[in-house]
Each structure stands twice: as C-alpha cells, then as structure tokens.
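Listing of work_11.txt, compact mmCIF, C-alpha atoms and all ligand atoms
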# COMPACT_ATOMS: atom_id res chain seq x y z
CA MET A 1 -74.07 58.67 81.06
CA ARG A 2 -71.18 61.14 80.89
CA VAL A 3 -69.47 62.37 84.06
CA VAL A 4 -66.52 64.73 84.41
CA VAL A 5 -63.99 63.13 86.74
CA HIS A 6 -60.57 63.87 88.21
CA ASP A 7 -58.39 61.19 89.79
CA ARG A 8 -55.69 63.49 91.14
CA TYR A 9 -55.40 67.08 92.29
CA GLY A 10 -53.95 69.50 89.76
CA PRO A 11 -54.54 71.92 86.87
CA PRO A 12 -57.71 71.94 84.70
CA GLU A 13 -56.15 69.28 82.46
CA VAL A 14 -56.71 66.59 85.13
CA LEU A 15 -60.42 66.74 84.23
CA ARG A 16 -61.74 64.18 81.76
CA ILE A 17 -65.07 62.77 80.66
CA GLU A 18 -65.88 59.14 81.41
CA GLU A 19 -68.92 56.91 80.99
CA ALA A 20 -70.74 55.69 84.10
CA PRO A 21 -74.05 53.97 84.79
CA ALA A 22 -76.94 56.36 85.42
CA PRO A 23 -78.15 56.33 89.06
CA THR A 24 -81.58 55.03 90.08
CA PRO A 25 -83.69 57.19 92.39
CA ALA A 26 -84.28 55.67 95.83
CA ALA A 27 -87.47 56.28 97.81
CA GLY A 28 -87.92 60.02 98.32
CA GLU A 29 -85.47 60.88 95.53
CA VAL A 30 -85.83 62.45 92.11
CA LEU A 31 -83.72 61.53 89.07
CA VAL A 32 -82.74 64.71 87.21
CA ARG A 33 -81.48 64.82 83.64
CA VAL A 34 -79.00 67.70 83.92
CA HIS A 35 -79.16 70.19 81.06
CA ALA A 36 -76.85 72.82 82.51
CA THR A 37 -74.42 73.18 85.42
CA THR A 38 -71.70 75.68 86.34
CA VAL A 39 -67.96 75.72 86.83
CA THR A 40 -67.24 77.73 89.99
CA GLN A 41 -64.25 78.88 92.00
CA THR A 42 -65.29 76.26 94.55
CA ASP A 43 -64.81 73.53 91.91
CA CYS A 44 -61.38 74.98 91.18
CA HIS A 45 -60.36 75.10 94.86
CA MET A 46 -61.46 71.48 95.25
CA ARG A 47 -59.76 70.26 92.08
CA ARG A 48 -56.47 71.87 93.04
CA ALA A 49 -56.95 71.12 96.75
CA GLN A 50 -55.81 74.65 97.44
CA PRO A 51 -55.51 75.75 100.13
CA PHE A 52 -54.10 72.46 101.47
CA VAL A 53 -56.73 72.17 104.24
CA TRP A 54 -59.21 71.07 101.55
CA ARG A 55 -57.38 67.71 101.59
CA PHE A 56 -58.60 66.94 105.09
CA LEU A 57 -62.12 67.05 103.67
CA LEU A 58 -61.56 65.73 100.16
CA GLY A 59 -58.87 63.07 100.64
CA LEU A 60 -55.26 63.51 101.68
CA ARG A 61 -53.51 61.96 98.67
CA ARG A 62 -56.21 61.89 96.01
CA PRO A 63 -59.81 63.09 95.68
CA LYS A 64 -62.37 60.75 97.20
CA ARG A 65 -65.12 62.60 95.32
CA ARG A 66 -64.11 62.31 91.69
CA VAL A 67 -67.01 64.33 90.26
CA LEU A 68 -67.18 68.09 90.81
CA GLY A 69 -70.04 70.51 90.16
CA LEU A 70 -72.68 71.78 92.52
CA GLU A 71 -75.33 73.76 90.66
CA PHE A 72 -77.73 72.10 88.26
CA ALA A 73 -80.74 72.82 86.09
CA GLY A 74 -82.60 70.09 84.26
CA VAL A 75 -85.69 67.99 83.88
CA VAL A 76 -87.12 65.33 86.20
CA GLU A 77 -86.64 62.02 84.42
CA ALA A 78 -88.12 59.72 87.09
CA VAL A 79 -89.23 59.86 90.71
CA GLY A 80 -88.70 57.37 93.55
CA THR A 81 -91.53 56.03 95.65
CA GLY A 82 -93.20 58.49 97.97
CA VAL A 83 -92.26 61.60 95.95
CA THR A 84 -95.20 64.00 95.63
CA ALA A 85 -93.73 67.44 94.99
CA TYR A 86 -92.20 66.57 91.60
CA ALA A 87 -93.33 64.66 88.54
CA GLU A 88 -91.65 63.42 85.37
CA GLY A 89 -91.00 66.33 83.01
CA ASP A 90 -90.79 69.07 85.70
CA ARG A 91 -88.06 71.68 85.14
CA VAL A 92 -85.93 71.94 88.28
CA PHE A 93 -82.78 73.64 89.56
CA GLY A 94 -80.72 73.57 92.72
CA LEU A 95 -77.55 72.40 94.44
CA ARG A 96 -76.22 68.86 94.58
CA GLY A 97 -72.60 67.68 94.76
CA GLY A 98 -71.42 65.83 91.65
CA ALA A 99 -73.54 67.87 89.22
CA HIS A 100 -71.02 67.58 86.36
CA ALA A 101 -72.93 64.55 85.10
CA ASP A 102 -75.81 63.77 82.74
CA TYR A 103 -77.94 62.44 85.61
CA ILE A 104 -78.06 63.04 89.35
CA CYS A 105 -80.41 61.92 92.11
CA VAL A 106 -81.67 64.65 94.41
CA ARG A 107 -83.73 64.23 97.58
CA GLU A 108 -87.24 65.58 97.21
CA ALA A 109 -86.66 67.64 100.35
CA GLY A 110 -83.16 68.59 99.22
CA LEU A 111 -81.78 71.85 97.82
CA MET A 112 -84.05 71.91 94.76
CA ALA A 113 -87.04 73.84 93.42
CA HIS A 114 -89.01 74.30 90.19
CA ILE A 115 -87.37 76.64 87.66
CA PRO A 116 -89.12 80.02 87.67
CA GLU A 117 -91.32 80.65 84.62
CA GLY A 118 -89.38 82.29 81.80
CA THR A 119 -85.92 81.27 83.09
CA THR A 120 -83.73 79.19 80.79
CA PHE A 121 -81.75 76.13 81.93
CA VAL A 122 -78.57 78.16 81.45
CA GLY A 123 -79.84 80.95 83.70
CA ALA A 124 -81.32 78.57 86.27
CA ALA A 125 -78.02 76.69 86.61
CA ALA A 126 -76.36 79.93 87.73
CA LEU A 127 -78.83 80.89 90.44
CA CYS A 128 -77.76 79.16 93.62
CA ASP A 129 -74.04 79.20 94.38
CA GLY A 130 -73.36 82.93 94.18
CA VAL A 131 -76.61 83.69 96.03
CA SER A 132 -75.79 81.21 98.81
CA GLN A 133 -72.33 82.70 99.27
CA ALA A 134 -73.49 86.30 99.03
CA TRP A 135 -76.51 85.88 101.31
CA GLY A 136 -74.39 84.16 103.97
CA HIS A 137 -71.76 86.88 103.85
CA LEU A 138 -74.30 89.72 103.89
CA ASN A 139 -75.94 88.14 106.94
CA ALA A 140 -72.55 87.76 108.61
CA GLY A 141 -72.05 91.50 108.08
CA ALA A 142 -75.56 92.24 109.45
CA VAL A 143 -76.47 94.10 106.25
CA GLY A 144 -79.96 95.59 106.42
CA THR A 145 -81.98 98.69 105.68
CA GLY A 146 -79.77 101.74 105.35
CA THR A 147 -76.45 99.87 105.62
CA ARG A 148 -73.76 101.56 103.54
CA LEU A 149 -72.40 98.50 101.76
CA LEU A 150 -69.37 98.38 99.46
CA VAL A 151 -68.96 95.25 97.34
CA TYR A 152 -65.39 94.75 96.12
CA GLY A 153 -65.16 92.32 93.18
CA ALA A 154 -68.79 93.12 92.38
CA SER A 155 -68.73 91.61 88.89
CA GLY A 156 -68.05 87.99 89.90
CA SER A 157 -70.50 85.24 90.79
CA CYS A 158 -70.63 86.17 94.46
CA GLY A 159 -70.37 89.89 93.66
CA THR A 160 -73.26 90.12 91.19
CA ALA A 161 -75.41 88.26 93.72
CA ALA A 162 -74.26 90.50 96.59
CA VAL A 163 -75.11 93.70 94.69
CA GLN A 164 -78.66 92.49 93.97
CA LEU A 165 -79.25 90.97 97.42
CA GLY A 166 -77.78 94.04 99.10
CA ARG A 167 -80.40 96.16 97.35
CA HIS A 168 -83.07 93.63 98.31
CA LEU A 169 -82.03 94.02 101.96
CA GLY A 170 -82.37 97.80 101.70
CA ALA A 171 -78.67 98.68 101.75
CA HIS A 172 -77.06 101.55 99.84
CA VAL A 173 -74.78 99.58 97.52
CA THR A 174 -71.48 100.76 96.08
CA ALA A 175 -70.04 98.31 93.55
CA VAL A 176 -66.31 98.20 92.80
CA CYS A 177 -65.22 96.69 89.46
CA THR A 178 -63.42 97.61 86.22
CA ALA A 179 -64.80 99.80 83.43
CA LYS A 180 -66.17 96.91 81.35
CA ASN A 181 -68.61 95.98 84.11
CA VAL A 182 -69.74 99.45 85.23
CA GLU A 183 -72.93 99.45 83.14
CA LEU A 184 -73.83 95.93 84.33
CA MET A 185 -73.56 97.08 87.94
CA ARG A 186 -76.01 99.89 87.26
CA THR A 187 -78.51 97.50 85.67
CA LEU A 188 -78.19 95.21 88.72
CA GLY A 189 -79.22 98.12 90.93
CA ALA A 190 -75.96 99.45 92.39
CA ASP A 191 -76.45 102.96 93.79
CA ALA A 192 -72.84 103.91 93.01
CA VAL A 193 -70.09 102.28 90.97
CA ILE A 194 -66.33 102.74 91.36
CA ASP A 195 -63.90 101.68 88.65
CA TYR A 196 -60.95 100.52 90.73
CA ALA A 197 -58.54 101.13 87.85
CA GLN A 198 -59.45 104.84 88.01
CA GLU A 199 -60.18 105.41 91.67
CA ASP A 200 -58.91 103.98 94.96
CA PHE A 201 -62.02 103.80 97.13
CA THR A 202 -59.90 104.00 100.28
CA ARG A 203 -58.77 107.50 99.31
CA ASN A 204 -62.02 109.21 98.34
CA GLY A 205 -63.04 110.08 101.91
CA ALA A 206 -66.22 107.95 101.90
CA THR A 207 -66.84 105.40 104.66
CA TYR A 208 -68.96 102.24 104.70
CA ASP A 209 -70.67 100.17 107.37
CA VAL A 210 -69.77 96.94 105.57
CA ILE A 211 -67.07 96.17 103.02
CA LEU A 212 -67.65 92.79 101.40
CA ASP A 213 -64.61 91.45 99.58
CA ALA A 214 -66.62 89.26 97.21
CA VAL A 215 -63.59 88.16 95.22
CA GLY A 216 -61.19 87.35 98.05
CA LYS A 217 -58.52 89.77 96.84
CA TYR A 218 -58.71 92.71 99.23
CA SER A 219 -57.45 93.10 102.77
CA PHE A 220 -58.85 94.34 106.05
CA LEU A 221 -55.79 96.47 106.71
CA ARG A 222 -56.08 98.28 103.35
CA SER A 223 -59.79 98.90 103.81
CA ARG A 224 -59.63 100.06 107.46
CA ARG A 225 -59.76 103.77 106.73
CA SER A 226 -62.89 103.30 104.60
CA LEU A 227 -64.75 101.49 107.35
CA ALA A 228 -67.06 103.42 109.67
CA PRO A 229 -65.93 103.34 113.34
CA ARG A 230 -67.98 100.17 114.01
CA GLY A 231 -67.76 98.89 110.42
CA ARG A 232 -67.39 95.25 109.38
CA PHE A 233 -64.99 93.82 106.79
CA VAL A 234 -66.42 90.60 105.36
CA PRO A 235 -63.93 88.44 103.43
CA THR A 236 -64.86 85.48 101.22
CA ASP A 237 -61.41 83.93 101.26
CA GLY A 238 -58.08 83.88 103.08
CA LEU A 239 -57.17 81.87 106.17
CA HIS A 240 -55.36 84.92 107.61
CA ASN A 241 -58.78 86.55 107.95
CA VAL A 242 -59.65 84.01 110.65
CA ALA A 243 -56.85 85.49 112.77
CA PHE A 244 -58.11 89.02 112.05
CA ALA A 245 -61.64 87.96 112.99
CA ILE A 246 -60.44 86.60 116.34
CA ALA A 247 -58.22 89.60 117.05
CA THR A 248 -60.80 92.26 116.10
CA ARG A 249 -63.48 90.55 118.16
CA TRP A 250 -61.65 91.76 121.27
CA PHE A 251 -59.80 94.88 120.11
CA GLY A 252 -60.92 98.00 118.23
CA GLY A 253 -64.27 99.05 116.83
CA ARG A 254 -63.82 97.77 113.26
CA LYS A 255 -64.34 94.02 112.91
CA VAL A 256 -63.57 91.24 110.49
CA VAL A 257 -66.57 88.92 110.37
CA GLY A 258 -67.09 85.75 108.34
CA MET A 259 -69.82 83.28 107.54
CA LYS A 260 -70.55 80.90 110.38
CA PRO A 261 -71.43 77.21 109.90
CA GLY A 262 -75.00 76.92 108.66
CA MET A 263 -74.97 80.31 106.88
CA GLY A 264 -74.06 78.77 103.49
CA TYR A 265 -76.06 76.40 101.32
CA SER A 266 -79.63 75.74 102.38
CA ARG A 267 -83.04 74.92 100.97
CA GLU A 268 -84.27 78.30 102.23
CA LYS A 269 -81.81 80.11 99.95
CA VAL A 270 -82.88 78.09 96.91
CA LEU A 271 -86.49 79.05 97.63
CA LEU A 272 -85.46 82.65 98.31
CA VAL A 273 -83.75 83.08 94.94
CA LYS A 274 -86.68 81.37 93.19
CA ALA A 275 -89.08 83.89 94.77
CA LEU A 276 -86.83 86.84 93.93
CA VAL A 277 -86.57 85.77 90.28
CA GLU A 278 -90.34 85.33 90.07
CA GLU A 279 -90.83 88.83 91.51
CA GLY A 280 -88.35 90.25 88.98
CA ARG A 281 -85.94 91.26 91.75
CA TYR A 282 -83.04 88.97 90.86
CA ARG A 283 -81.44 87.83 87.65
CA PRO A 284 -78.56 85.44 87.10
CA VAL A 285 -75.56 86.87 85.26
CA VAL A 286 -74.03 84.42 82.80
CA ASP A 287 -70.81 85.29 81.05
CA ARG A 288 -70.14 82.28 78.84
CA SER A 289 -71.56 78.85 78.28
CA TYR A 290 -69.45 75.86 77.18
CA PRO A 291 -70.50 72.35 76.12
CA ILE A 292 -69.40 69.62 78.56
CA GLU A 293 -66.73 68.48 76.09
CA ASP A 294 -64.98 71.82 76.70
CA VAL A 295 -64.82 71.44 80.47
CA VAL A 296 -61.06 72.10 80.51
CA ALA A 297 -61.45 75.37 78.55
CA ALA A 298 -64.37 76.41 80.77
CA THR A 299 -62.29 75.74 83.86
CA ARG A 300 -59.30 77.63 82.51
CA TYR A 301 -61.55 80.64 81.92
CA VAL A 302 -62.90 80.48 85.49
CA GLU A 303 -59.34 80.35 86.78
CA SER A 304 -58.48 83.51 84.80
CA TRP A 305 -60.55 85.42 87.42
CA GLN A 306 -61.98 87.42 84.54
CA LYS A 307 -65.44 85.93 84.28
CA THR A 308 -68.39 88.25 84.73
CA GLY A 309 -70.94 86.49 86.91
CA ASN A 310 -71.05 82.79 86.09
CA VAL A 311 -69.69 80.25 83.63
CA VAL A 312 -72.20 77.61 82.61
CA MET A 313 -71.54 74.15 81.18
CA THR A 314 -74.28 72.60 79.03
CA LEU A 315 -74.90 68.87 78.75
CA ASP A 316 -77.59 69.08 76.10
CA ALA A 317 -76.56 70.74 72.81
CA ALA A 318 -80.11 72.09 72.43
CA VAL A 319 -79.84 74.35 75.49
CA GLY A 320 -76.36 75.79 74.78
N1 LIG B 401 -69.06 80.86 93.24
C1 LIG B 401 -69.13 81.41 94.41
O1 LIG B 401 -69.91 82.26 94.57
C2 LIG B 401 -68.18 80.97 95.50
C3 LIG B 401 -68.36 79.83 96.22
C4 LIG B 401 -67.46 79.54 97.23
C5 LIG B 401 -66.40 80.40 97.48
N2 LIG B 401 -66.25 81.50 96.77
C6 LIG B 401 -65.15 82.43 97.02
O2 LIG B 401 -65.69 83.68 96.80
C7 LIG B 401 -64.77 84.46 96.08
C8 LIG B 401 -65.39 84.94 94.78
O3 LIG B 401 -65.70 83.88 93.92
P1 LIG B 401 -66.47 84.19 92.57
O4 LIG B 401 -66.81 82.91 91.93
O5 LIG B 401 -67.56 85.14 92.84
O6 LIG B 401 -65.32 84.93 91.75
P2 LIG B 401 -65.29 85.18 90.21
O7 LIG B 401 -66.69 85.19 89.68
O8 LIG B 401 -64.32 84.29 89.54
O9 LIG B 401 -64.71 86.67 90.17
C9 LIG B 401 -64.37 87.18 88.93
C10 LIG B 401 -64.53 88.69 88.96
O10 LIG B 401 -63.64 89.24 89.89
C11 LIG B 401 -63.14 90.48 89.42
N3 LIG B 401 -61.73 90.54 89.83
C12 LIG B 401 -60.73 89.73 89.45
N4 LIG B 401 -59.58 90.10 90.05
C13 LIG B 401 -59.89 91.19 90.82
C14 LIG B 401 -59.13 92.03 91.68
N5 LIG B 401 -57.83 91.85 91.88
N6 LIG B 401 -59.77 93.02 92.31
C15 LIG B 401 -61.09 93.22 92.12
N7 LIG B 401 -61.86 92.47 91.33
C16 LIG B 401 -61.25 91.47 90.68
C17 LIG B 401 -63.28 90.45 87.90
O11 LIG B 401 -63.93 91.64 87.45
P3 LIG B 401 -63.24 93.03 87.12
O12 LIG B 401 -62.44 92.82 85.88
O13 LIG B 401 -64.39 93.98 86.95
O14 LIG B 401 -62.39 93.35 88.29
C18 LIG B 401 -64.24 89.30 87.62
O15 LIG B 401 -65.47 89.77 87.08
C19 LIG B 401 -63.53 83.63 95.86
O16 LIG B 401 -62.62 83.99 96.85
C20 LIG B 401 -64.03 82.23 96.03
O17 LIG B 401 -63.02 81.38 96.50
C21 LIG B 401 -67.12 81.81 95.77

Take the structure from the file and write it as structure tokens.
Ligand SMILES: NC(=O)c1ccc[n+]([C@@H]2O[C@H](COP(=O)([O-])OP(=O)(O)OC[C@H]3O[C@@H](n4cnc5c(N)ncnc54)[C@H](OP(=O)(O)O)[C@@H]3O)[C@@H](O)[C@H]2O)c1
Amino acid sequence: MRVVVHDRYGPPEVLRIEEAPAPTPAAGEVLVRVHATTVTQTDCHMRRAQPFVWRFLLGLRRPKRRVLGLEFAGVVEAVGTGVTAYAEGDRVFGLRGGAHADYICVREAGLMAHIPEGTTFVGAAALCDGVSQAWGHLNAGAVGTGTRLLVYGASGSCGTAAVQLGRHLGAHVTAVCTAKNVELMRTLGADAVIDYAQEDFTRNGATYDVILDAVGKYSFLRSRRSLAPRGRFVPTDGLHNVAFAIATRWFGGRKVVGMKPGMGYSREKVLLVKALVEEGRYRPVVDRSYPIEDVVAATRYVESWQKTGNVVMTLDAAVG
C-alpha cells in the first residue's frame, strides 16, 4: 500500500510516497481502505515541528511517527475477531493517526462511525478535525443559548465548524472573514458577518460574550474592548495565551480561556457530528481535493492559510 512519509522535519517537500505492507486487523479492530483523508494545520505543525515543543512529543531530532494524517473516510475491508458493529463493505469515517495511507486499522470502539447517508467520502473525511477543535473551544468558552459569539477566522476548518456548532448551541454568531467567504458564512447560519478588510470589529461599538480566534491570528489585547465585562477570549494557538490565561484567571473580569485536556478528540464528538449531519444541521466545507500523488501541492495550499474549510486528499481516483 501507499503511505505518505516524512523522515525529517521541514517544508512540504520532505513528504514523499513510499510502499509499505498493509496492516492486519487484530482482535477488536477493523481494517479500513481509506478513500479520502485531509491535510490539516495540525499535520503542518507536526511536519515542521513548530512550535519547537512539538519535538518533545514527536521526537527531538527526527519524527518518530513518519506518517501524518488524522481524518479518514473509507470502506471496511476486513474485521478482526470479536467485531460486531462493523462488517466488510461498511462506509466509515473518523479519526486515526497515520491516515495518509491506503489502509489503516481502527479499533471498533475507537473514534469511528458509519458515514451518514448521502455524504460522500470527500465530505466525510472533512467532518471530524474542525468539529473536535471547535466544539472543545466553544465548551471552553462556555458558549450556550444566547451567548453573543464572535468567530474570527470563520472561514477555516475550525471556523466553519465553530459557526455551525455555535448556532447549534443557541448562540448569536457573528462571523469575521473576507469578502469572498461572506455568502458562505450566511449559508452556514451566521447571524451577522463582518468583512475584516472593510470593518474593524473592535471599533464598531459592539461587544461579545465570547471571541473565538479560530485561526490563531488575533490577540486578546486587541480584542479586549469588544469583550463584554465578563467576556472570554478563546484562542486556538499561541503559547503566549497560556500566560494570559493564567494572569486573567486572577485579575480583571475579561478572561483568556483555552481547551483543557480531554476537551479535544473523542468518540462522542464523532457521534455528535454524525447525528448533526443526519439531522441536516451540519455540513462539511471542502475547498479543494487533491489526489495523494499531489500531497506536496495540497500541503503548500494548506500552508497558504487561504483554504476555505478543508483540503481533502483522495486515495482512490474514483472518489476525487
Ligand atoms: N484543523 C483544525 O481544525 C485544527 C486542528 C488543530 C489546531 N488547529 C489550530 O486552529 C487554528 C485554525 O486552523 P484551521 O485549520 O481552521 O485554519 P485554516 O482552515 O487554515 O484557516 C484558513 C482561513 O483562515 C482565514 N485567515 C487567514 N489569515 C487570516 C487572518 N490574518 N485573519 C483572519 N482570518 C484569516 C482565511 O480566510 P479569509 O480569507 O476569509 O480571512 C482562511 O479561510 C490554527 O491556529 C491551527 O493551528 C486547527
């Protein structure tokens, strides 16, 4: 089978395709033939090992985990002994490290579910990562019914999920993006949309209970005057925000709050997004889809920070 590997940290060009033996499912595992996966900012952080702290997890000098990728959508090829929830031929999606490969083994009780009726492999591959990030961050910000929520970077993977999930939670959602994505934000259910090239949301007099920086490019200090007196700024990136979170815990009404351990990837979130798609209350946003052979080009596009929603990589020409 084909796997995308990297033997050193660096730019997208360190990625290459190599042949490897297909895995065999152990007891309680399912062998999935991957039809589609995604290239995410997480893959890019890991491949570059930036920020440096990633190296303490991934390997100090070189990556211990050579295969990136987390989201997958595909078909069950075989099941290990004891598996009852899945059968050969089932269409499945979920999260599993090392998904940039033709085949992966996933635990039956792992982060996997059946693909909702009517959803393509390309769409299903883009369901979990953004939702996991967005749901965790919205929970960290205690977003609920009536919360005035502003999503900065609303057109990215995390952002498009946050806009839809914010509505699901009953918040009043203001999406901030550029003109090309304004219409998309409306179709995703945003109550208000601000084109940040035309309007600085910190100067329009409006205040919000929660400002979610879904793209990791805004700052607590800049957004302070747009936060309600007990408002929360929720960043998705930036080690300096840890210091702000500690400092604001003790001083001042406005807080910086982040996801806590356990708020990220989980089986519950995979099942949540499956249910929301089935109820017609969530849809994955896919910008472009590349064949696996173009993994370097796909990765370069993700690193441009210009993707709208998600970038999918297909492993079966028939689903591209
Ligand atoms: N995939 C995930 O969900 C995931 C997982 C783990 C961590 N994270 C972290 O979460 C953050 C977001 O990741 P992502 O994958 O959602 O990002 P992304 O999809 O790559 O974000 C791209 C979007 O961000 C907008 N953007 C780019 N520069 C901007 C700026 N300066 N100000 C405002 N908007 C800007 C662009 O739209 P416009 O042209 O409309 O501005 C584009 O649509 C990152 O910090 C990442 O490290 C994300």

> Leaving out Asp294 of chain A and any residue of its chain fewer than 3 positions from it, which residues lie within 12 Å of it when counting all atoms listed in the file, given as a PyMOL selection string?
Replying inline: chain A and resi 4+12-13+15-17+39+288-291+297-301+311-315

> Which one of A:Leu68, A:Val30, A:Leu60, A:Ala126 sits closest to Val270 of chain A if you count all atoms listed in the file?
Replying inline: A:Ala126

> atom CA of Leu150 of chain A and atom C8 of ligand LIG 401 (chain B), how far apart in Å?
Replying inline: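 A separation of 14.8 Å between them.
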
> How would you write, as an MDAnalysis selection string, the set of residues no farther than 6 Å from ligand LIG 401 (chain B) when counting all atoms listed in the file?
Replying inline: chainID A and resid 40:42 129:130 133 153 155:159 177:178 181 214:217 236:237 302 305:309

> Pick the closest to Pro235 of chain A from A:Gly262, A:Tyr152, A:Glu183, A:Gly166: which is it, counting all atoms listed in the file?
Replying inline: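 Among the listed residues, the smallest separation from Pro235 of chain A belongs to A:Tyr152.
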